[in-house]
$ cat structure_37.pdb   # PDB, C-alpha atoms
ATOM      1  CA  MET A  23     -12.684  20.815 -14.610
ATOM      2  CA  HIS A  24     -12.559  20.870 -18.384
ATOM      3  CA  TRP A  25     -11.243  18.473 -20.968
ATOM      4  CA  GLU A  26     -11.628  17.823 -24.674
ATOM      5  CA  GLY A  27     -15.339  17.638 -25.258
ATOM      6  CA  GLY A  28     -16.596  18.407 -21.761
ATOM      7  CA  GLU A  29     -16.540  20.274 -18.497
ATOM      8  CA  ALA A  30     -18.034  19.851 -15.017
ATOM      9  CA  ASP A  31     -18.162  21.609 -11.649
ATOM     10  CA  VAL A  32     -15.856  19.659  -9.305
ATOM     11  CA  THR A  33     -15.943  22.053  -6.341
ATOM     12  CA  ALA A  34     -17.215  19.167  -4.165
ATOM     13  CA  ASP A  35     -15.655  16.404  -6.241
ATOM     14  CA  HIS A  36     -11.882  16.678  -6.115
ATOM     15  CA  THR A  37      -9.507  15.991  -3.232
ATOM     16  CA  VAL A  38      -5.772  15.598  -2.662
ATOM     17  CA  ALA A  39      -4.856  11.886  -2.591
ATOM     18  CA  SER A  40      -1.093  12.203  -2.032
ATOM     19  CA  LEU A  41       1.611  14.855  -1.699
ATOM     20  CA  LYS A  42       4.578  12.979  -3.196
ATOM     21  CA  PRO A  43       3.671  12.549  -5.960
ATOM     22  CA  LEU A  44       1.016  15.274  -5.879
ATOM     23  CA  VAL A  45      -2.174  13.455  -6.882
ATOM     24  CA  ILE A  46      -5.764  14.664  -7.226
ATOM     25  CA  ALA A  47      -8.745  12.286  -6.986
ATOM     26  CA  THR A  48     -12.161  12.840  -8.541
ATOM     27  CA  SER A  49     -15.272  10.811  -9.373
ATOM     28  CA  LEU A  50     -15.031  11.983 -12.978
ATOM     29  CA  ASP A  51     -13.206  10.293 -15.806
ATOM     30  CA  ALA A  52     -12.049  13.405 -17.638
ATOM     31  CA  GLY A  53      -9.684  11.770 -20.102
ATOM     32  CA  GLN A  54      -5.921  11.906 -20.164
ATOM     33  CA  ASP A  55      -5.009  15.544 -19.445
ATOM     34  CA  PRO A  56      -7.818  17.698 -18.012
ATOM     35  CA  VAL A  57      -7.429  21.101 -16.356
ATOM     36  CA  ILE A  58      -9.017  22.330 -13.134
ATOM     37  CA  ASP A  59      -9.765  26.051 -13.125
ATOM     38  CA  TYR A  60     -10.276  27.789  -9.789
ATOM     39  CA  ARG A  61     -12.561  30.828  -9.908
ATOM     40  CA  ASP A  62     -13.459  33.135  -7.064
ATOM     41  CA  ARG A  63     -17.114  32.646  -6.205
ATOM     42  CA  MET A  64     -17.722  36.372  -5.634
ATOM     43  CA  THR A  65     -15.880  37.909  -8.603
ATOM     44  CA  GLY A  66     -16.005  35.035 -11.078
ATOM     45  CA  GLU A  67     -12.334  35.704 -11.896
ATOM     46  CA  LEU A  68      -9.888  32.910 -12.664
ATOM     47  CA  VAL A  69      -7.491  32.772  -9.700
ATOM     48  CA  GLY A  70      -5.546  29.608 -10.525
ATOM     49  CA  ALA A  71      -5.365  26.394 -12.522
ATOM     50  CA  LEU A  72      -3.906  22.884 -12.302
ATOM     51  CA  ARG A  73      -2.965  20.726 -15.266
ATOM     52  CA  LEU A  74      -3.396  17.011 -14.692
ATOM     53  CA  GLY A  75      -2.229  13.724 -16.182
ATOM     54  CA  ARG A  76      -4.191  10.504 -15.766
ATOM     55  CA  LEU A  77      -2.543   8.115 -13.298
ATOM     56  CA  ALA A  78      -5.068   5.332 -12.549
ATOM     57  CA  SER A  79      -8.749   4.422 -12.413
ATOM     58  CA  LEU A  80     -10.420   2.671  -9.462
ATOM     59  CA  SER A  81     -13.799   1.016  -9.054
ATOM     60  CA  ILE A  82     -15.110   0.884  -5.485
ATOM     61  CA  ASP A  83     -18.534  -0.605  -4.781
ATOM     62  CA  GLY A  84     -19.208  -0.169  -8.484
ATOM     63  CA  ALA A  85     -18.472   3.573  -8.430
ATOM     64  CA  PRO A  86     -15.512   5.128 -10.287
ATOM     65  CA  VAL A  87     -12.658   7.175  -8.845
ATOM     66  CA  THR A  88      -9.934   8.551 -11.111
ATOM     67  CA  LEU A  89      -6.471   9.532  -9.902
ATOM     68  CA  TYR A  90      -4.612  12.331 -11.675
ATOM     69  CA  ARG A  91      -1.051  13.433 -11.160
ATOM     70  CA  VAL A  92      -0.545  17.207 -11.117
ATOM     71  CA  THR A  93       1.793  18.129 -13.978
ATOM     72  CA  ALA A  94       1.717  21.944 -13.808
ATOM     73  CA  GLY A  95      -0.135  24.783 -12.167
ATOM     74  CA  GLY A  96      -0.104  28.379 -11.074
ATOM     75  CA  HIS A  97      -2.179  31.199  -9.640
ATOM     76  CA  HIS A  98      -3.124  34.747 -10.649
ATOM     77  CA  CYS A  99      -3.816  36.182  -7.188
ATOM     78  CA  LEU A 100      -0.725  38.386  -7.130
ATOM     79  CA  ARG A 101       0.938  40.453  -9.808
ATOM     80  CA  TRP A 102       4.121  39.181 -11.410
ATOM     81  CA  PRO A 103       6.855  40.563  -9.076
ATOM     82  CA  HIS A 104       4.862  39.864  -5.906
ATOM     83  CA  ARG A 105       4.031  36.357  -7.117
ATOM     84  CA  HIS A 106       7.701  35.420  -7.479
ATOM     85  CA  TRP A 107       8.581  37.044  -4.136
ATOM     86  CA  ASN A 108       5.791  35.122  -2.403
ATOM     87  CA  ARG A 109       7.064  31.861  -3.926
ATOM     88  CA  TRP A 110      10.593  32.561  -2.681
ATOM     89  CA  LEU A 111       9.327  33.272   0.847
ATOM     90  CA  GLN A 112       7.283  30.053   0.919
ATOM     91  CA  ASN A 113      10.245  27.970  -0.250
ATOM     92  CA  ARG A 114      12.499  29.555   2.386
ATOM     93  CA  LEU A 115       9.942  28.796   5.116
ATOM     94  CA  MET A 116       9.726  25.172   3.963
ATOM     95  CA  ARG A 117      13.512  24.785   4.180
ATOM     96  CA  LYS A 118      13.435  26.152   7.741
ATOM     97  CA  GLN A 119      10.758  23.634   8.792
ATOM     98  CA  PRO A 120      12.076  20.232   7.671
ATOM     99  CA  SER A 121       9.486  18.430   9.829
ATOM    100  CA  SER A 122       6.635  19.925   7.782
ATOM    101  CA  GLN A 123       4.846  17.547   5.440
ATOM    102  CA  HIS A 124       5.589  20.077   2.676
ATOM    103  CA  ALA A 125       9.289  19.232   3.125
ATOM    104  CA  LEU A 126       8.460  15.969   1.343
ATOM    105  CA  MET A 127       7.789  17.909  -1.836
ATOM    106  CA  ALA A 128       9.730  19.745  -4.492
ATOM    107  CA  PRO A 129       9.197  23.537  -4.363
ATOM    108  CA  SER A 130       7.207  23.459  -7.617
ATOM    109  CA  ALA A 131       4.873  20.806  -6.169
ATOM    110  CA  VAL A 132       4.306  22.920  -3.038
ATOM    111  CA  GLN A 133       3.227  25.820  -5.252
ATOM    112  CA  GLN A 134       0.860  23.497  -7.130
ATOM    113  CA  LEU A 135      -0.573  22.250  -3.840
ATOM    114  CA  MET A 136      -1.264  25.832  -2.780
ATOM    115  CA  VAL A 137      -3.332  26.217  -5.957
ATOM    116  CA  ALA A 138      -5.466  23.261  -4.842
ATOM    117  CA  TYR A 139      -6.048  25.153  -1.571
ATOM    118  CA  LEU A 140      -7.675  27.998  -3.513
ATOM    119  CA  CYS A 141     -10.739  25.895  -2.786
ATOM    120  CA  PRO A 142     -10.468  26.393   1.025
ATOM    121  CA  ARG A 143      -9.903  23.077   2.796
ATOM    122  CA  PRO A 144     -11.765  22.350   6.047
ATOM    123  CA  VAL A 145      -9.746  21.236   9.069
ATOM    124  CA  VAL A 146     -11.172  18.372  11.126
ATOM    125  CA  LEU A 147      -9.995  16.381  14.121
ATOM    126  CA  VAL A 148      -9.890  12.679  13.273
ATOM    127  CA  SER A 149     -10.731  10.234  16.088
ATOM    128  CA  ILE A 150      -9.818   6.536  16.253
ATOM    129  CA  SER A 151     -10.715   4.341  19.198
ATOM    130  CA  THR A 152     -10.048   0.669  19.962
ATOM    131  CA  PRO A 153      -9.389  -1.057  23.309
ATOM    132  CA  GLU A 154      -5.656  -0.959  22.497
ATOM    133  CA  HIS A 155      -5.332   2.299  20.569
ATOM    134  CA  ARG A 156      -6.823   5.778  20.833
ATOM    135  CA  ASN A 157      -5.908   8.915  18.959
ATOM    136  CA  MET A 158      -7.076  12.311  17.723
ATOM    137  CA  PHE A 159      -5.189  14.509  15.257
ATOM    138  CA  PRO A 160      -5.920  17.299  12.712
ATOM    139  CA  MET A 161      -6.310  16.729   8.975
ATOM    140  CA  ASP A 162      -7.157  18.874   5.966
ATOM    141  CA  LEU A 163      -6.369  16.439   3.132
ATOM    142  CA  ILE A 164      -9.992  15.348   3.196
ATOM    143  CA  GLY A 165     -13.172  15.932   1.270
ATOM    144  CA  PRO A 166     -16.145  14.602  -0.638
ATOM    145  CA  LEU A 167     -16.156  12.878  -4.004
ATOM    146  CA  GLU A 168     -19.696  14.026  -4.626
ATOM    147  CA  ARG A 169     -20.763  12.079  -7.694
ATOM    148  CA  SER A 170     -19.635   8.742  -6.269
ATOM    149  CA  GLY A 171     -21.044   9.427  -2.794
ATOM    150  CA  PHE A 172     -17.624   8.823  -1.236
ATOM    151  CA  TYR A 173     -15.593  10.786   1.287
ATOM    152  CA  SER A 174     -11.797  10.593   1.263
ATOM    153  CA  LEU A 175      -8.819  11.086   3.552
ATOM    154  CA  ALA A 176      -5.153  11.190   2.536
ATOM    155  CA  LEU A 177      -3.038  10.244   5.553
ATOM    156  CA  ARG A 178       0.746  10.245   5.575
ATOM    157  CA  ASN A 179       1.970   6.641   5.639
ATOM    158  CA  THR A 180       4.113   7.340   8.719
ATOM    159  CA  ASN A 181       1.046   8.200  10.817
ATOM    160  CA  VAL A 182       0.925   6.029  13.938
ATOM    161  CA  SER A 183      -2.805   5.288  13.481
ATOM    162  CA  ALA A 184      -2.796   4.503   9.755
ATOM    163  CA  GLU A 185      -2.775   0.722  10.073
ATOM    164  CA  VAL A 186      -5.348   0.835  12.875
ATOM    165  CA  ILE A 187      -7.715   2.716  10.551
ATOM    166  CA  ARG A 188      -7.100   0.113   7.857
ATOM    167  CA  HIS A 189      -7.886  -2.681  10.313
ATOM    168  CA  THR A 190     -10.954  -1.210  12.029
ATOM    169  CA  GLY A 191     -12.427   0.606   9.034
ATOM    170  CA  HIS A 192     -14.026   3.352  11.144
ATOM    171  CA  VAL A 193     -13.134   6.968  11.994
ATOM    172  CA  ALA A 194     -15.010  10.013  13.247
ATOM    173  CA  LEU A 195     -14.358  13.550  11.999
ATOM    174  CA  SER A 196     -15.071  16.513  14.281
ATOM    175  CA  CYS A 197     -15.676  19.749  12.367
ATOM    176  CA  ILE A 198     -14.136  22.306  14.684
ATOM    177  CA  PRO A 199     -14.804  26.029  15.111
ATOM    178  CA  ALA A 200     -12.054  28.426  14.019
ATOM    179  CA  ALA A 201     -11.540  29.478  17.647
ATOM    180  CA  MET A 202     -10.148  25.993  18.371
ATOM    181  CA  LYS A 203      -7.194  26.500  16.013
ATOM    182  CA  PRO A 204      -4.495  26.484  18.777
ATOM    183  CA  GLU A 205      -5.821  23.267  20.319
ATOM    184  CA  ALA A 206      -6.114  21.611  16.907
ATOM    185  CA  TYR A 207      -2.560  22.505  15.895
ATOM    186  CA  LYS A 208      -1.197  21.226  19.218
ATOM    187  CA  LEU A 209      -2.677  17.807  18.442
ATOM    188  CA  SER A 210      -0.447  17.545  15.332
ATOM    189  CA  GLU A 211       2.054  15.708  17.560
ATOM    190  CA  HIS A 212      -0.344  12.758  17.583
ATOM    191  CA  HIS A 213       0.402  11.986  13.960
ATOM    192  CA  ARG A 214       3.558  10.456  15.462
ATOM    193  CA  GLN A 215       2.374   9.130  18.819
ATOM    194  CA  PRO A 216      -0.997   7.840  20.013
ATOM    195  CA  LEU A 217      -3.056   9.588  22.638
ATOM    196  CA  PRO A 218      -2.275   8.137  26.092
ATOM    197  CA  ASP A 219      -5.756   8.835  27.442
ATOM    198  CA  TRP A 220      -8.835  10.730  26.322
ATOM    199  CA  HIS A 221      -8.554  12.858  29.468
ATOM    200  CA  ALA A 222      -5.217  14.169  28.132
ATOM    201  CA  LEU A 223      -7.066  16.286  25.560
ATOM    202  CA  PRO A 224      -7.356  20.062  26.232
ATOM    203  CA  PHE A 225     -11.147  19.983  25.707
ATOM    204  CA  PRO A 226     -14.057  17.702  26.621
ATOM    205  CA  VAL A 227     -15.169  14.833  24.395
ATOM    206  CA  ARG A 228     -18.344  12.814  24.065
ATOM    207  CA  PRO A 229     -19.195   9.563  22.229
ATOM    208  CA  SER A 230     -20.361   9.719  18.610
ATOM    209  CA  GLN A 231     -23.876   8.536  17.828
ATOM    210  CA  GLU A 232     -23.078   5.636  15.494
ATOM    211  CA  ARG A 233     -20.073   3.862  17.038
ATOM    212  CA  GLY A 234     -19.368   5.700  20.292
ATOM    213  CA  ILE A 235     -16.012   7.060  19.101
ATOM    214  CA  PRO A 236     -14.901  10.017  21.271
ATOM    215  CA  ILE A 237     -15.414  13.289  19.403
ATOM    216  CA  VAL A 238     -15.056  16.977  20.272
ATOM    217  CA  ALA A 239     -17.970  17.967  22.510
ATOM    218  CA  GLU A 240     -18.011  21.515  21.060
ATOM    219  CA  ALA A 241     -17.820  20.382  17.418
ATOM    220  CA  LEU A 242     -19.940  22.186  14.849
ATOM    221  CA  GLY A 243     -20.643  18.832  13.256
ATOM    222  CA  VAL A 244     -19.491  15.217  13.241
ATOM    223  CA  GLN A 245     -19.167  12.747  10.381
ATOM    224  CA  GLU A 246     -18.564   9.064  11.003
ATOM    225  CA  LEU A 247     -16.985   7.202   8.107
ATOM    226  CA  THR A 248     -16.942   3.559   7.151
ATOM    227  CA  ILE A 249     -13.728   2.922   5.194
ATOM    228  CA  LEU A 250     -14.268   0.917   2.007
ATOM    229  CA  HIS A 251     -10.855   1.090   0.366
ATOM    230  CA  SER A 252      -7.289   2.122   1.109
ATOM    231  CA  GLN A 253      -4.452   2.519  -1.333
ATOM    232  CA  ASP A 254      -0.786   3.431  -0.950
ATOM    233  CA  ILE A 255       0.111   6.349  -3.216
ATOM    234  CA  GLY A 256       3.683   7.462  -2.659
ATOM    235  CA  SER A 257       3.952   9.357   0.631
ATOM    236  CA  HIS A 258       0.301   8.836   1.642
ATOM    237  CA  ILE A 259      -2.402   6.257   2.185
ATOM    238  CA  PHE A 260      -5.568   7.243   0.365
ATOM    239  CA  PHE A 261      -8.675   6.145   2.283
ATOM    240  CA  ILE A 262     -12.086   6.118   0.605
ATOM    241  CA  GLY A 263     -15.248   5.654   2.643
ATOM    242  CA  ARG A 264     -18.903   6.492   2.981
ATOM    243  CA  ILE A 265     -20.528   8.696   5.607
ATOM    244  CA  ALA A 266     -22.367   6.396   8.020
ATOM    245  CA  ASN A 267     -23.648   9.207  10.234
ATOM    246  CA  ASP A 268     -23.709  12.988   9.805
ATOM    247  CA  GLU A 269     -24.526  15.228  12.793
ATOM    248  CA  ARG A 270     -24.985  18.980  12.345
ATOM    249  CA  LEU A 271     -24.744  20.381  15.850
ATOM    250  CA  ALA A 272     -24.122  24.137  15.860
ATOM    251  CA  GLU A 273     -23.729  27.193  13.681
ATOM    252  CA  GLY A 274     -20.337  28.844  13.451
ATOM    253  CA  CYS A 275     -17.218  29.434  11.379
ATOM    254  CA  GLN A 276     -15.357  26.192  10.774
ATOM    255  CA  LEU A 277     -11.561  26.267  10.592
ATOM    256  CA  HIS A 278     -10.316  26.156   6.984
ATOM    257  CA  HIS A 279      -6.940  26.507   5.275
ATOM    258  CA  THR A 280      -6.327  28.609   2.165
ATOM    259  CA  PRO A 281      -3.145  30.262   0.814
ATOM    260  CA  GLY A 282      -2.017  33.645   2.032
ATOM    261  CA  PHE A 283      -1.857  34.899  -1.556
ATOM    262  CA  TYR A 284      -5.559  34.143  -1.963
ATOM    263  CA  GLN A 285      -6.350  36.095   1.204
ATOM    264  CA  ALA A 286      -4.305  38.960  -0.280
ATOM    265  CA  TYR A 287      -6.441  38.790  -3.429
ATOM    266  CA  ARG A 288      -9.639  38.861  -1.372
ATOM    267  CA  ARG A 289      -8.358  41.665   0.837
ATOM    268  CA  GLN A 290      -7.547  43.842  -2.182
ATOM    269  CA  ARG A 291     -11.194  43.508  -3.206
ATOM    270  CA  ARG A 292     -12.419  44.261   0.324
ATOM    271  CA  MET A 293     -13.896  40.815   0.893
ATOM    272  CA  PRO A 294     -11.274  39.017   3.044
ATOM    273  CA  PHE A 295     -11.907  35.732   4.756
ATOM    274  CA  ALA A 296     -12.232  35.882   8.549
ATOM    275  CA  GLU A 297      -8.899  34.899  10.127
ATOM    276  CA  ALA A 298      -8.405  32.727  13.195
TER     277      ALA A 298
END

$ encode --input "structure_37.pdb" --output "structure tokens"
Amino acid sequence: MHWEGGEADVTADHTVASLKPLVIATSLDAGQDPVIDYRDRMTGELVGALRLGRLASLSIDGAPVTLYRVTAGGHHCLRWPHRHWNRWLQNRLMRKQPSSQHALMAPSAVQQLMVAYLCPRPVVLVSISTPEHRNMFPMDLIGPLERSGFYSLALRNTNVSAEVIRHTGHVALSCIPAAMKPEAYKLSEHHRQPLPDWHALPFPVRPSQERGIPIVAEALGVQELTILHSQDIGSHIFFIGRIANDERLAEGCQLHHTPGFYQAYRRQRRMPFAEA
């Protein structure tokens, strides 16, 4: 991220806080209109950029979080004619899938969101457990705000477990291997309806260390969060918490999301990401 008079590495310090409007959160106060440049770690080349406009500043437990609205953005992964063709195909796919969360957004905002995914986003399974409510569903609008020591989640405000998370203040995140992609995607239906029983899951679970929340038994790692703050931002609820317990359990490739045009860029340079 760079701004008038400064710059800083925000690889582990910027997350998506909402889709409509498209908002980025960071621990940095970078002035009114900073820019985030995305560079490929292997080549050092600029592959995309987002222009931001300051929206609000928060103070949580004495630590700052700044919210920025995305005002413009684009990528350089494809050449000019292919870039426009790729954009048209993505917009057509979005129109055909009105249930997708991207259907909330204007086509230009979807393209800007894809730029944010140039920093590949991990996919986790979020667990919530109370005597009256249990659920597990996938999320990728998550990530650390490194300088503040926070960890954030942006959950659509129609999610059936959103208010339960607000009330209990505790969730567990299972970092899942890429091979579990089909099972993870199937659980997307539980954004709309709670889990009837933990035995209904297509894989075994076990209790987490800190609070005994059911988590994926085959997870590569588990993070338990204590929620400190929640804020409604347009289409999403932005949760900010701290990691209360962090288990690293196994080695393996964790499931991540990144745009197809970035994979095309990597493939052209003979260094593609592994695909699930």

$ closest_residue --input "structure_37.pdb" --among "A:Asn181, A:Gln276, A:Ser170, A:Thr152" --to "Ile198 in chain A" --atoms "only C-alpha atoms"
A:Gln276

$ resolve_selection --input "structure_37.pdb" --expression "the PyMOL selection byres ((chain A and resi 76) around 7)" --output "MDAnalysis selection string"
chainID A and resid 54:55 74:75 77:78 89:91

$ atom_distance --input "structure_37.pdb" --atom1 "CA of Glu205 in chain A" --atom2 "CA of Ile249 in chain A"
26.6 Å

$ closest_residue --input "structure_37.pdb" --among "A:Arg143, A:His98, A:His36, A:Lys42" --to "Thr280 in chain A" --atoms "only C-alpha atoms"
A:Arg143

$ atom_distance --input "structure_37.pdb" --atom1 "CA of Gly243 in chain A" --atom2 "CA of Pro86 in chain A"
27.7 Å

$ closest_residue --input "structure_37.pdb" --among "A:Ile237, A:Arg156, A:Leu250, A:Pro226" --to "His213 in chain A" --atoms "only C-alpha atoms"
A:Arg156

$ closest_residue --input "structure_37.pdb" --among "A:Ser196, A:Gln215, A:Asn179, A:Gln134" --to "Ile255 in chain A" --atoms "all atoms listed in the file"
A:Asn179

$ resolve_selection --input "structure_37.pdb" --expression "the PyMOL selection byres ((chain A and resi 71) around 9)" --output "list in words"
Val57, Ile58, Asp59, Tyr60, Arg61, Leu68, Val69, Gly70, Leu72, Arg73, Ala94, Gly95, Gly96, His97, His98, Gln134, Val137 and Ala138 of chain A

$ residues_around --input "structure_37.pdb" --residues "Ser257 in chain A" --least-positions-apart "2" --cutoff "10 Å" --atoms "all atoms listed in the file" --output "list in words"
Ala39, Ser40, Leu41, Lys42, Pro43, Leu44, Gln123, Leu126, Met127, Ala176, Leu177, Arg178, Asn179, Thr180, Asp254, Ile255, Ile259 and Phe260 of chain A

$ atom_distance --input "structure_37.pdb" --atom1 "CA of Glu168 in chain A" --atom2 "CA of His192 in chain A"
19.9 Å

$ closest_residue --input "structure_37.pdb" --among "A:Met23, A:Ala201, A:Val146, A:Asp62" --to "Met293 in chain A" --atoms "all atoms listed in the file"
A:Asp62

$ resolve_selection --input "structure_37.pdb" --expression "the PyMOL selection byres ((chain A and resi 278) around 10)" --output "PyMOL selection string"
chain A and resi 139+141-146+162+197-200+203+275-277+279-280+295+297-298

$ closest_residue --input "structure_37.pdb" --among "A:Ser49, A:Asn157, A:Ser130, A:Thr248" --to "Pro236 in chain A" --atoms "all atoms listed in the file"
A:Asn157

$ residues_around --input "structure_37.pdb" --residues "Glu154 in chain A" --least-positions-apart "5" --cutoff "12 Å" --atoms "all atoms listed in the file" --output "PDB file with C-alpha atoms, in the coordinates of the input"
ATOM      1  CA  SER A 183      -2.805   5.288  13.481  1.00  0.00           C
ATOM      2  CA  VAL A 186      -5.348   0.835  12.875  1.00  0.00           C
ATOM      3  CA  THR A 190     -10.954  -1.210  12.029  1.00  0.00           C
ATOM      4  CA  PRO A 216      -0.997   7.840  20.013  1.00  0.00           C
ATOM      5  CA  LEU A 217      -3.056   9.588  22.638  1.00  0.00           C
ATOM      6  CA  PRO A 218      -2.275   8.137  26.092  1.00  0.00           C
ATOM      7  CA  ASP A 219      -5.756   8.835  27.442  1.00  0.00           C
TER       8      ASP A 219
END

$ residues_around --input "structure_37.pdb" --residues "Gly282 in chain A" --least-positions-apart "2" --cutoff "10 Å" --atoms "all atoms listed in the file" --output "PDB file with C-alpha atoms, keeping the file's coordinate frame"
ATOM      1  CA  CYS A  99      -3.816  36.182  -7.188  1.00  0.00           C
ATOM      2  CA  ASN A 108       5.791  35.122  -2.403  1.00  0.00           C
ATOM      3  CA  MET A 136      -1.264  25.832  -2.780  1.00  0.00           C
ATOM      4  CA  LEU A 140      -7.675  27.998  -3.513  1.00  0.00           C
ATOM      5  CA  HIS A 279      -6.940  26.507   5.275  1.00  0.00           C
ATOM      6  CA  THR A 280      -6.327  28.609   2.165  1.00  0.00           C
ATOM      7  CA  TYR A 284      -5.559  34.143  -1.963  1.00  0.00           C
ATOM      8  CA  GLN A 285      -6.350  36.095   1.204  1.00  0.00           C
ATOM      9  CA  ALA A 286      -4.305  38.960  -0.280  1.00  0.00           C
ATOM     10  CA  TYR A 287      -6.441  38.790  -3.429  1.00  0.00           C
ATOM     11  CA  ARG A 288      -9.639  38.861  -1.372  1.00  0.00           C
TER      12      ARG A 288
END

$ residues_around --input "structure_37.pdb" --residues "Leu195 in chain A" --least-positions-apart "2" --cutoff "6 Å" --atoms "all atoms listed in the file" --output "mmCIF file with C-alpha atoms, in the frame of the given file"
data_model
loop_
_atom_site.group_PDB
_atom_site.id
_atom_site.type_symbol
_atom_site.label_atom_id
_atom_site.label_comp_id
_atom_site.auth_asym_id
_atom_site.auth_seq_id
_atom_site.Cartn_x
_atom_site.Cartn_y
_atom_site.Cartn_z
ATOM 1 C CA VAL A 146 -11.172 18.372 11.126
ATOM 2 C CA LEU A 147 -9.995 16.381 14.121
ATOM 3 C CA VAL A 148 -9.890 12.679 13.273
ATOM 4 C CA VAL A 244 -19.491 15.217 13.241
ATOM 5 C CA GLN A 245 -19.167 12.747 10.381
#

$ decode --input "structure_37.pdb" --residues "range 175-186 of chain A" --atoms "N, CA and C atoms" --output "mmCIF file, in the first residue's frame"
data_model
loop_
_atom_site.group_PDB
_atom_site.id
_atom_site.type_symbol
_atom_site.label_atom_id
_atom_site.label_comp_id
_atom_site.auth_asym_id
_atom_site.auth_seq_id
_atom_site.Cartn_x
_atom_site.Cartn_y
_atom_site.Cartn_z
ATOM 1 N N LEU A 175 -13.589 -11.391 9.898
ATOM 2 C CA LEU A 175 -14.490 -12.153 9.046
ATOM 3 C C LEU A 175 -15.559 -11.191 8.545
ATOM 4 N N ALA A 176 -15.888 -11.284 7.262
ATOM 5 C CA ALA A 176 -16.980 -10.504 6.687
ATOM 6 C C ALA A 176 -18.074 -11.480 6.270
ATOM 7 N N LEU A 177 -19.168 -11.480 7.002
ATOM 8 C CA LEU A 177 -20.240 -12.460 6.815
ATOM 9 C C LEU A 177 -21.483 -11.750 6.289
ATOM 10 N N ARG A 178 -22.059 -12.302 5.237
ATOM 11 C CA ARG A 178 -23.261 -11.692 4.669
ATOM 12 C C ARG A 178 -24.343 -11.583 5.743
ATOM 13 N N ASN A 179 -25.034 -10.437 5.774
ATOM 14 C CA ASN A 179 -25.975 -10.186 6.872
ATOM 15 C C ASN A 179 -27.222 -11.059 6.817
ATOM 16 N N THR A 180 -27.388 -11.837 5.741
ATOM 17 C CA THR A 180 -28.498 -12.790 5.680
ATOM 18 C C THR A 180 -28.122 -14.163 6.215
ATOM 19 N N ASN A 181 -26.868 -14.344 6.629
ATOM 20 C CA ASN A 181 -26.430 -15.647 7.132
ATOM 21 C C ASN A 181 -27.214 -16.012 8.385
ATOM 22 N N VAL A 182 -27.658 -17.270 8.456
ATOM 23 C CA VAL A 182 -28.532 -17.717 9.533
ATOM 24 C C VAL A 182 -27.825 -17.727 10.892
ATOM 25 N N SER A 183 -26.495 -17.748 10.900
ATOM 26 C CA SER A 183 -25.745 -17.810 12.158
ATOM 27 C C SER A 183 -25.157 -16.470 12.581
ATOM 28 N N ALA A 184 -25.395 -15.421 11.809
ATOM 29 C CA ALA A 184 -24.736 -14.139 12.073
ATOM 30 C C ALA A 184 -25.047 -13.610 13.468
ATOM 31 N N GLU A 185 -26.315 -13.605 13.847
ATOM 32 C CA GLU A 185 -26.672 -13.050 15.149
ATOM 33 C C GLU A 185 -26.211 -13.959 16.283
ATOM 34 N N VAL A 186 -26.131 -15.253 16.034
ATOM 35 C CA VAL A 186 -25.616 -16.171 17.053
ATOM 36 C C VAL A 186 -24.138 -15.864 17.327
#
